[in-house]
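Trainee: Data file coords13.tsv (TSV, C-alpha atoms) is appended below.
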```tsv
chain	number	residue	atom	x	y	z
C	1	MET	CA	-20.37	-20.97	-57.35
C	2	ARG	CA	-19.88	-17.38	-58.57
C	3	ASP	CA	-22.09	-16.23	-55.69
C	4	LEU	CA	-19.26	-16.99	-53.29
C	5	GLN	CA	-17.13	-14.31	-54.98
C	6	PHE	CA	-14.07	-16.55	-55.05
C	7	HIS	CA	-12.35	-14.01	-57.29
C	8	ARG	CA	-11.59	-11.83	-54.28
C	9	ASN	CA	-8.26	-13.33	-53.43
C	10	PRO	CA	-7.39	-14.00	-49.79
C	11	GLN	CA	-4.56	-12.24	-48.09
C	12	ASP	CA	-4.13	-15.59	-46.37
C	13	LYS	CA	-2.34	-16.36	-43.13
C	14	ARG	CA	0.51	-18.19	-44.71
C	15	GLY	CA	4.21	-18.23	-45.26
C	16	ALA	CA	5.33	-15.38	-43.00
C	17	ILE	CA	7.53	-15.18	-39.94
C	18	MET	CA	5.52	-14.62	-36.78
C	19	PRO	CA	5.90	-10.99	-35.67
C	20	PRO	CA	6.75	-9.95	-32.12
C	21	GLY	CA	3.73	-10.26	-29.85
C	22	GLY	CA	2.28	-13.22	-31.75
C	23	GLU	CA	-0.32	-11.22	-33.68
C	24	CYS	CA	-0.10	-13.54	-36.69
C	25	ASP	CA	0.33	-17.27	-37.02
C	26	ASP	CA	2.66	-18.94	-39.52
C	27	LEU	CA	1.07	-21.30	-42.03
C	28	SER	CA	2.43	-23.37	-44.89
C	29	ILE	CA	4.42	-21.73	-47.66
C	30	MET	CA	3.05	-24.48	-49.92
C	31	ASP	CA	-0.47	-23.22	-49.19
C	32	THR	CA	0.62	-19.71	-50.13
C	33	ALA	CA	2.06	-20.85	-53.45
C	34	SER	CA	-0.96	-23.03	-54.25
C	35	ASP	CA	-3.42	-20.23	-53.56
C	36	ALA	CA	-1.37	-17.73	-55.56
C	37	ARG	CA	-1.33	-20.09	-58.55
C	38	PHE	CA	-5.11	-20.48	-58.42
C	39	TRP	CA	-5.69	-16.72	-58.44
C	40	ASP	CA	-3.04	-16.14	-61.09
C	41	ARG	CA	-4.84	-18.61	-63.38
C	42	THR	CA	-8.20	-16.93	-62.89
C	43	SER	CA	-7.11	-13.28	-62.80
C	44	ARG	CA	-7.73	-12.38	-66.45
C	45	ARG	CA	-11.08	-14.15	-66.52
C	46	TYR	CA	-12.15	-12.41	-63.35
C	47	ALA	CA	-11.13	-9.02	-64.73
C	48	LYS	CA	-13.71	-9.49	-67.49
C	49	SER	CA	-16.54	-10.61	-65.18
C	50	ALA	CA	-19.40	-8.40	-64.04
C	51	VAL	CA	-20.36	-7.60	-60.45
C	52	GLY	CA	-23.22	-9.89	-59.42
C	53	ASP	CA	-25.21	-7.25	-57.53
C	54	PRO	CA	-24.21	-3.77	-58.80
C	55	ALA	CA	-26.66	-1.91	-56.58
C	56	GLY	CA	-25.50	-3.80	-53.51
C	57	TYR	CA	-21.88	-3.09	-54.43
C	58	GLU	CA	-22.60	0.63	-54.76
C	59	ARG	CA	-24.27	0.57	-51.35
C	60	THR	CA	-21.13	-0.98	-49.88
C	61	LEU	CA	-18.92	1.66	-51.48
C	62	GLU	CA	-21.12	4.49	-50.22
C	63	ARG	CA	-21.18	3.11	-46.68
C	64	THR	CA	-17.41	2.65	-46.67
C	65	ARG	CA	-16.73	6.14	-47.96
C	66	ALA	CA	-18.64	7.50	-44.98
C	67	LEU	CA	-16.10	5.81	-42.68
C	68	LEU	CA	-13.07	7.38	-44.36
C	69	ARG	CA	-11.47	10.74	-43.64
C	70	PRO	CA	-9.31	12.87	-45.93
C	71	ASP	CA	-6.27	11.86	-43.83
C	72	SER	CA	-7.16	8.17	-43.37
C	73	ARG	CA	-4.38	5.63	-43.94
C	74	VAL	CA	-6.19	2.73	-45.61
C	75	LEU	CA	-5.06	-0.84	-46.27
C	76	GLU	CA	-7.07	-3.24	-48.41
C	77	LEU	CA	-6.29	-6.95	-48.06
C	78	GLY	CA	-7.21	-9.29	-50.91
C	79	CYS	CA	-7.79	-6.42	-53.33
C	80	GLY	CA	-8.09	-8.62	-56.42
C	81	THR	CA	-7.76	-6.55	-59.59
C	82	GLY	CA	-8.13	-3.29	-57.69
C	83	THR	CA	-11.63	-2.15	-58.62
C	84	THR	CA	-12.71	-1.26	-55.08
C	85	ALA	CA	-9.44	0.44	-54.18
C	86	LEU	CA	-9.65	2.60	-57.29
C	87	ARG	CA	-13.19	3.65	-56.33
C	88	LEU	CA	-12.32	4.52	-52.72
C	89	ALA	CA	-8.77	5.87	-52.78
C	90	ALA	CA	-9.78	9.47	-53.50
C	91	ASP	CA	-11.74	9.58	-50.23
C	92	ALA	CA	-8.68	8.75	-48.09
C	93	GLY	CA	-5.29	10.28	-47.47
C	94	SER	CA	-3.44	7.19	-48.71
C	95	CYS	CA	-4.39	3.69	-49.75
C	96	LEU	CA	-2.25	0.57	-50.04
C	97	ALA	CA	-4.08	-2.32	-51.74
C	98	THR	CA	-2.51	-5.77	-51.53
C	99	ASP	CA	-3.07	-9.26	-52.83
C	100	ILE	CA	-1.21	-12.55	-52.79
C	101	SER	CA	-1.61	-12.98	-56.56
C	102	ALA	CA	0.92	-11.43	-58.93
C	103	GLY	CA	-1.63	-11.81	-61.73
C	104	MET	CA	-4.26	-9.82	-59.87
C	105	ILE	CA	-1.80	-7.07	-58.95
C	106	ALA	CA	-0.53	-6.84	-62.53
C	107	ILE	CA	-4.07	-6.07	-63.71
C	108	ALA	CA	-4.59	-3.63	-60.85
C	109	ASP	CA	-1.40	-1.79	-61.84
C	110	GLU	CA	-2.64	-1.57	-65.43
C	111	LYS	CA	-5.86	0.04	-64.19
C	112	LEU	CA	-3.93	2.42	-61.95
C	113	ALA	CA	-1.70	3.54	-64.80
C	114	ALA	CA	-4.82	4.49	-66.76
C	115	SER	CA	-6.53	6.18	-63.80
C	116	LEU	CA	-3.65	8.15	-62.28
C	117	VAL	CA	-4.71	8.06	-58.62
C	118	PRO	CA	-1.61	9.40	-56.79
C	119	SER	CA	-2.74	8.35	-53.30
C	120	LEU	CA	-3.08	4.65	-54.27
C	121	ALA	CA	-0.45	1.94	-54.55
C	122	PHE	CA	-0.80	-1.78	-55.29
C	123	ARG	CA	1.55	-4.39	-53.89
C	124	ILE	CA	1.97	-8.16	-53.74
C	125	ALA	CA	1.99	-8.85	-50.01
C	126	THR	CA	0.47	-10.86	-47.20
C	127	ALA	CA	-0.89	-9.45	-43.99
C	128	GLU	CA	1.98	-11.15	-42.16
C	129	ALA	CA	4.62	-9.47	-44.28
C	130	LEU	CA	3.03	-6.09	-43.66
C	131	ALA	CA	2.96	-6.78	-39.93
C	132	GLN	CA	6.78	-6.95	-39.98
C	133	GLU	CA	6.87	-3.30	-41.02
C	134	ALA	CA	6.31	-0.17	-38.96
C	135	ALA	CA	3.32	1.18	-40.87
C	136	ARG	CA	-0.05	1.08	-39.14
C	137	PHE	CA	-3.41	1.93	-40.68
C	138	ASP	CA	-6.54	3.79	-39.62
C	139	VAL	CA	-8.79	1.52	-41.70
C	140	VAL	CA	-8.26	-2.02	-42.96
C	141	LEU	CA	-10.65	-3.31	-45.63
C	142	GLY	CA	-11.30	-6.97	-46.41
C	143	PHE	CA	-14.07	-7.54	-48.94
C	144	ASN	CA	-14.95	-11.13	-49.99
C	145	TYR	CA	-11.82	-12.20	-48.15
C	146	LEU	CA	-12.26	-13.73	-44.70
C	147	HIS	CA	-14.02	-16.89	-45.92
C	148	LEU	CA	-10.94	-17.64	-48.03
C	149	VAL	CA	-8.34	-17.60	-45.26
C	150	ARG	CA	-7.34	-20.89	-43.65
C	151	ASP	CA	-6.87	-19.54	-40.13
C	152	LEU	CA	-9.65	-17.10	-39.30
C	153	PRO	CA	-8.55	-16.43	-35.68
C	154	GLY	CA	-4.95	-15.87	-36.77
C	155	THR	CA	-5.96	-13.60	-39.62
C	156	LEU	CA	-8.08	-11.46	-37.33
C	157	ARG	CA	-5.24	-11.16	-34.82
C	158	CYS	CA	-2.94	-10.04	-37.61
C	159	ILE	CA	-5.43	-7.42	-38.83
C	160	HIS	CA	-5.79	-6.21	-35.25
C	161	GLY	CA	-2.02	-5.69	-35.13
C	162	LEU	CA	-2.01	-3.74	-38.41
C	163	LEU	CA	-4.46	-1.16	-37.07
C	164	ALA	CA	-3.64	2.02	-35.21
C	165	ALA	CA	-5.38	2.63	-31.89
C	166	GLU	CA	-9.18	2.52	-32.33
C	167	GLY	CA	-8.73	1.80	-36.03
C	168	LEU	CA	-11.55	0.26	-38.06
C	169	PHE	CA	-11.73	-3.11	-39.77
C	170	VAL	CA	-14.41	-3.16	-42.47
C	171	SER	CA	-15.33	-6.49	-44.03
C	172	LYS	CA	-17.97	-8.06	-46.24
C	173	THR	CA	-17.62	-11.77	-46.82
C	174	PRO	CA	-19.84	-14.81	-47.44
C	175	CYS	CA	-20.77	-16.81	-44.36
C	176	VAL	CA	-20.85	-20.15	-46.17
C	177	GLY	CA	-22.18	-21.95	-43.11
C	178	ASP	CA	-25.41	-19.97	-43.40
C	179	MET	CA	-25.85	-20.72	-47.10
C	180	ASN	CA	-27.38	-23.65	-48.94
C	181	PRO	CA	-25.82	-26.87	-47.53
C	182	LEU	CA	-25.18	-28.08	-51.08
C	183	ILE	CA	-22.48	-25.44	-51.40
C	184	ARG	CA	-20.53	-26.96	-48.52
C	185	PHE	CA	-20.69	-30.39	-50.15
C	186	LEU	CA	-19.67	-29.11	-53.58
C	187	LEU	CA	-16.65	-27.14	-52.42
C	188	PRO	CA	-14.31	-30.11	-51.74
C	189	ALA	CA	-15.08	-31.64	-55.13
C	190	MET	CA	-14.49	-28.35	-56.92
C	191	ARG	CA	-11.20	-27.84	-55.08
C	192	ALA	CA	-10.10	-31.35	-56.09
C	193	ILE	CA	-10.39	-30.48	-59.78
C	194	GLY	CA	-8.90	-27.01	-59.40
C	195	ALA	CA	-12.20	-25.20	-59.96
C	196	ALA	CA	-12.34	-23.53	-56.54
C	197	PRO	CA	-9.91	-22.34	-53.88
C	198	TYR	CA	-10.00	-23.18	-50.19
C	199	ALA	CA	-13.06	-21.66	-48.51
C	200	SER	CA	-14.16	-22.06	-44.90
C	201	ALA	CA	-17.79	-22.52	-43.89
C	202	PHE	CA	-18.19	-20.37	-40.79
C	203	ARG	CA	-21.51	-18.83	-39.81
C	204	GLU	CA	-22.15	-15.15	-39.10
C	205	ALA	CA	-22.42	-15.90	-35.36
C	206	GLU	CA	-18.99	-17.55	-35.43
C	207	LEU	CA	-17.50	-14.61	-37.33
C	208	ARG	CA	-18.77	-12.20	-34.69
C	209	GLN	CA	-17.40	-14.40	-31.91
C	210	GLN	CA	-13.98	-14.60	-33.53
C	211	MET	CA	-13.84	-10.83	-34.03
C	212	ASP	CA	-14.66	-10.29	-30.38
C	213	ALA	CA	-11.96	-12.76	-29.31
C	214	ALA	CA	-9.39	-10.99	-31.52
C	215	GLY	CA	-9.98	-7.68	-29.74
C	216	PHE	CA	-12.59	-5.99	-31.92
C	217	GLU	CA	-15.77	-4.18	-30.92
C	218	ILE	CA	-18.44	-4.70	-33.58
C	219	LEU	CA	-20.10	-1.37	-34.35
C	220	ALA	CA	-22.44	-2.42	-37.17
C	221	VAL	CA	-23.57	-5.49	-39.10
C	222	GLU	CA	-25.53	-4.74	-42.27
C	223	ASP	CA	-26.98	-6.54	-45.29
C	224	HIS	CA	-26.26	-4.57	-48.47
C	225	ALA	CA	-27.85	-7.02	-50.88
C	226	THR	CA	-30.51	-5.75	-53.25
C	227	LYS	CA	-31.43	-9.27	-54.47
C	228	GLY	CA	-32.67	-10.87	-51.28
C	229	LYS	CA	-30.67	-12.25	-48.38
C	230	GLU	CA	-27.13	-13.11	-49.50
C	231	ASN	CA	-25.53	-14.21	-46.20
C	232	ARG	CA	-22.68	-11.78	-46.82
C	233	PRO	CA	-22.72	-9.43	-43.80
C	234	TYR	CA	-21.03	-6.05	-44.01
C	235	VAL	CA	-19.27	-5.63	-40.67
C	236	VAL	CA	-17.69	-2.52	-39.17
C	237	ALA	CA	-15.46	-3.32	-36.19
C	238	ARG	CA	-13.20	-1.12	-34.09
C	239	LYS	CA	-9.90	-2.12	-32.49
C	240	ARG	CA	-10.79	-2.39	-28.82
C	241	TRP	CA	-7.33	-2.74	-27.26
```
Take the structure in the file and write it out as structure tokens.
Mentor:
Amino acid sequence: MRDLQFHRNPQDKRGAIMPPGGECDDLSIMDTASDARFWDRTSRRYAKSAVGDPAGYERTLERTRALLRPDSRVLELGCGTGTTALRLAADAGSCLATDISAGMIAIADEKLAASLVPSLAFRIATAEALAQEAARFDVVLGFNYLHLVRDLPGTLRCIHGLLAAEGLFVSKTPCVGDMNPLIRFLLPAMRAIGAAPYASAFREAELRQQMDAAGFEILAVEDHATKGKENRPYVVARKRW
């Protein structure tokens, strides 16, 4: 189940007050707490794990850097232990990396203290909480994230609201519905014993449809895998309205 990259914690659509305009939906605070506990338990183990496809990961970083400007205001949702944010922050004007898990953010802060990247900050937050604030971002990143949220349409609406005009949403997440059917059958059993978090099983076609409905124009869909087809599309989408 490591191929699903469950360690990338969701910035789930849960536990926040709905902002003006209805960009984000309110989901259960109990779901928020349950998900946070799962990621807190696994945070130290994840910090010691290796990237499954290092070459593919480097390709994703390179492609994302090309989308950033020296003055870009960047938000990463579901940043985990901060590895990606630490690699990309120097290519942007500012970067706020968030996660629902206090355990993940604690590790990210440890890394930041050792790296001294002044333009980067880590924070425990949900997308909904950020939507209550005035800050808007030029680029929102969500890597190995969307398959872990419980309300995909609501999450996408919230991300849309966090972006400045014509801002970019860059994601790379497993489309479980396009993977081996055994994975979909195993997930409920693994969740029941606490070995896996919630994960939805949408297909790539559904993801594209939901992005379009949320007000995004898809600019690119790419496969960055270097070990065959991984059903984890890298998507660049622009805020359309």
Trainee: Report as an NGL selection string all protein, DNA and RNA residues lying within 7 Å of C:Ala121, evaluated on only C-alpha atoms, omitting residues in the same chain fewer than 2 positions from it.
Mentor: :C and (95-97 or 119 or 123)
Trainee: Pick the closest to C:Ala102 from C:Pro233, C:Gly80, C:Pro118, C:Gly154: which is it, counting all atoms listed in the file?
Mentor: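 That would be C:Gly80, the residue with the smallest distance to C:Ala102.
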Trainee: So how far away is atom CA of C:Ser72 from atom CA of C:Phe143, in Å?
Mentor: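 Those two atoms sit 18.0 Å apart.
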Trainee: Residues at most 9 Å from C:Phe169, counting all atoms listed in the file, excluding those fewer than 4 positions away in the same chain, as JSON, numbers by chain?
Mentor: {"C": [138, 139, 140, 141, 142, 159, 160, 163, 216, 235, 236, 237, 238, 239]}
Trainee: May I have the residues from that selection written out with C-alpha atoms, as an mmCIF file, in the frame of the given file?
Mentor:
```cif
data_model
loop_
_atom_site.group_PDB
_atom_site.id
_atom_site.type_symbol
_atom_site.label_atom_id
_atom_site.label_comp_id
_atom_site.auth_asym_id
_atom_site.auth_seq_id
_atom_site.Cartn_x
_atom_site.Cartn_y
_atom_site.Cartn_z
ATOM 1 C CA ASP C 138 -6.540 3.790 -39.620
ATOM 2 C CA VAL C 139 -8.790 1.520 -41.700
ATOM 3 C CA VAL C 140 -8.260 -2.020 -42.960
ATOM 4 C CA LEU C 141 -10.650 -3.310 -45.630
ATOM 5 C CA GLY C 142 -11.300 -6.970 -46.410
ATOM 6 C CA ILE C 159 -5.430 -7.420 -38.830
ATOM 7 C CA HIS C 160 -5.790 -6.210 -35.250
ATOM 8 C CA LEU C 163 -4.460 -1.160 -37.070
ATOM 9 C CA PHE C 216 -12.590 -5.990 -31.920
ATOM 10 C CA VAL C 235 -19.270 -5.630 -40.670
ATOM 11 C CA VAL C 236 -17.690 -2.520 -39.170
ATOM 12 C CA ALA C 237 -15.460 -3.320 -36.190
ATOM 13 C CA ARG C 238 -13.200 -1.120 -34.090
ATOM 14 C CA LYS C 239 -9.900 -2.120 -32.490
#
```
Trainee: Quick one, how far is atom CA of C:Trp39 from atom CA of C:Ile107?
Mentor: 12.0 Å
Trainee: Neighbouring residues of C:Leu120 were defined as those with any atom within 12 Å, considering all atoms listed in the file; residues of the same chain fewer than 2 positions away were excluded. Please report them as a PyMOL selection string.
Mentor: chain C and resi 73-76+82-98+108-109+111-113+115-118+122-123
Trainee: May I have the residues from that selection written out with C-alpha atoms, as a PDB file, in the coordinates of the input?
Mentor:
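Once written, selection.pdb looks like this:
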```pdb
ATOM      1  CA  ARG C  73      -4.380   5.630 -43.940  1.00  0.00           C
ATOM      2  CA  VAL C  74      -6.190   2.730 -45.610  1.00  0.00           C
ATOM      3  CA  LEU C  75      -5.060  -0.840 -46.270  1.00  0.00           C
ATOM      4  CA  GLU C  76      -7.070  -3.240 -48.410  1.00  0.00           C
ATOM      5  CA  GLY C  82      -8.130  -3.290 -57.690  1.00  0.00           C
ATOM      6  CA  THR C  83     -11.630  -2.150 -58.620  1.00  0.00           C
ATOM      7  CA  THR C  84     -12.710  -1.260 -55.080  1.00  0.00           C
ATOM      8  CA  ALA C  85      -9.440   0.440 -54.180  1.00  0.00           C
ATOM      9  CA  LEU C  86      -9.650   2.600 -57.290  1.00  0.00           C
ATOM     10  CA  ARG C  87     -13.190   3.650 -56.330  1.00  0.00           C
ATOM     11  CA  LEU C  88     -12.320   4.520 -52.720  1.00  0.00           C
ATOM     12  CA  ALA C  89      -8.770   5.870 -52.780  1.00  0.00           C
ATOM     13  CA  ALA C  90      -9.780   9.470 -53.500  1.00  0.00           C
ATOM     14  CA  ASP C  91     -11.740   9.580 -50.230  1.00  0.00           C
ATOM     15  CA  ALA C  92      -8.680   8.750 -48.090  1.00  0.00           C
ATOM     16  CA  GLY C  93      -5.290  10.280 -47.470  1.00  0.00           C
ATOM     17  CA  SER C  94      -3.440   7.190 -48.710  1.00  0.00           C
ATOM     18  CA  CYS C  95      -4.390   3.690 -49.750  1.00  0.00           C
ATOM     19  CA  LEU C  96      -2.250   0.570 -50.040  1.00  0.00           C
ATOM     20  CA  ALA C  97      -4.080  -2.320 -51.740  1.00  0.00           C
ATOM     21  CA  THR C  98      -2.510  -5.770 -51.530  1.00  0.00           C
ATOM     22  CA  ALA C 108      -4.590  -3.630 -60.850  1.00  0.00           C
ATOM     23  CA  ASP C 109      -1.400  -1.790 -61.840  1.00  0.00           C
ATOM     24  CA  LYS C 111      -5.860   0.040 -64.190  1.00  0.00           C
ATOM     25  CA  LEU C 112      -3.930   2.420 -61.950  1.00  0.00           C
ATOM     26  CA  ALA C 113      -1.700   3.540 -64.800  1.00  0.00           C
ATOM     27  CA  SER C 115      -6.530   6.180 -63.800  1.00  0.00           C
ATOM     28  CA  LEU C 116      -3.650   8.150 -62.280  1.00  0.00           C
ATOM     29  CA  VAL C 117      -4.710   8.060 -58.620  1.00  0.00           C
ATOM     30  CA  PRO C 118      -1.610   9.400 -56.790  1.00  0.00           C
ATOM     31  CA  PHE C 122      -0.800  -1.780 -55.290  1.00  0.00           C
ATOM     32  CA  ARG C 123       1.550  -4.390 -53.890  1.00  0.00           C
TER      33      ARG C 123
END
```
Trainee: Find the distance between atom CA of C:Tyr234 and atom CA of C:Ala213 and write it in Å to one decimal.
Mentor: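 If I compute the distance from atom CA of C:Tyr234 to atom CA of C:Ala213, I get 18.5 Å.
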Trainee: Using all atoms of stretch 89-100 of chain C listed in the file and a margin of 4 Å per side, can you give the axis-aligned box centre and edge lengths in Å to one decimal, as lines of an AutoDock Vina configuration file?
Mentor:
```
center_x = -6.5
center_y = -1.1
center_z = -50.5
size_x = 18.5
size_y = 30.8
size_z = 14.0
```
Trainee: Rank nothing, just name the residue among C:Glu222, C:Glu133, C:Asp99, C:Glu166 nearest to C:Arg63, using all atoms listed in the file.
Mentor: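 For C:Arg63, the nearest of the candidates is C:Glu222.
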Trainee: List the neighbours of C:Thr226 out to 10 Å using only C-alpha atoms; skip same-chain residues closer than 6 positions along the sequence, and give me the result as a PDB file with C-alpha atoms, keeping the file's coordinate frame.
Mentor:
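Okay, part_18.pdb is ready:
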```pdb
ATOM      1  CA  ASP C  53     -25.210  -7.250 -57.530  1.00  0.00           C
ATOM      2  CA  PRO C  54     -24.210  -3.770 -58.800  1.00  0.00           C
ATOM      3  CA  ALA C  55     -26.660  -1.910 -56.580  1.00  0.00           C
ATOM      4  CA  GLY C  56     -25.500  -3.800 -53.510  1.00  0.00           C
ATOM      5  CA  TYR C  57     -21.880  -3.090 -54.430  1.00  0.00           C
ATOM      6  CA  ARG C  59     -24.270   0.570 -51.350  1.00  0.00           C
TER       7      ARG C  59
END
```
Trainee: Determine the nearest neighbour of C:Asp212 from the options C:Leu182, C:Ala189, C:Ala199, C:Leu156, counting only C-alpha atoms.
Mentor: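 Using only C-alpha atoms, the shortest distance to C:Asp212 belongs to C:Leu156.
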Trainee: Between C:Asp223, C:Glu128, C:Asp40, C:Glu204, which one has atoms that come closest to C:Leu77, using all atoms listed in the file?
Mentor: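 So, comparing all the options, the nearest one is C:Glu128.
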Trainee: Which residue gives the smallest distance to C:Ile124 among C:Gly78, C:Ile105, C:Arg65, C:Pro181, with only C-alpha atoms counted?
Mentor: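 Distance minimum relative to C:Ile124 lands on C:Ile105.
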Trainee: For C:Lys227, which of C:Thr155, C:Gly52, C:Gln210, C:Gly215 is the closest residue, counting all atoms listed in the file?
Mentor: C:Gly52
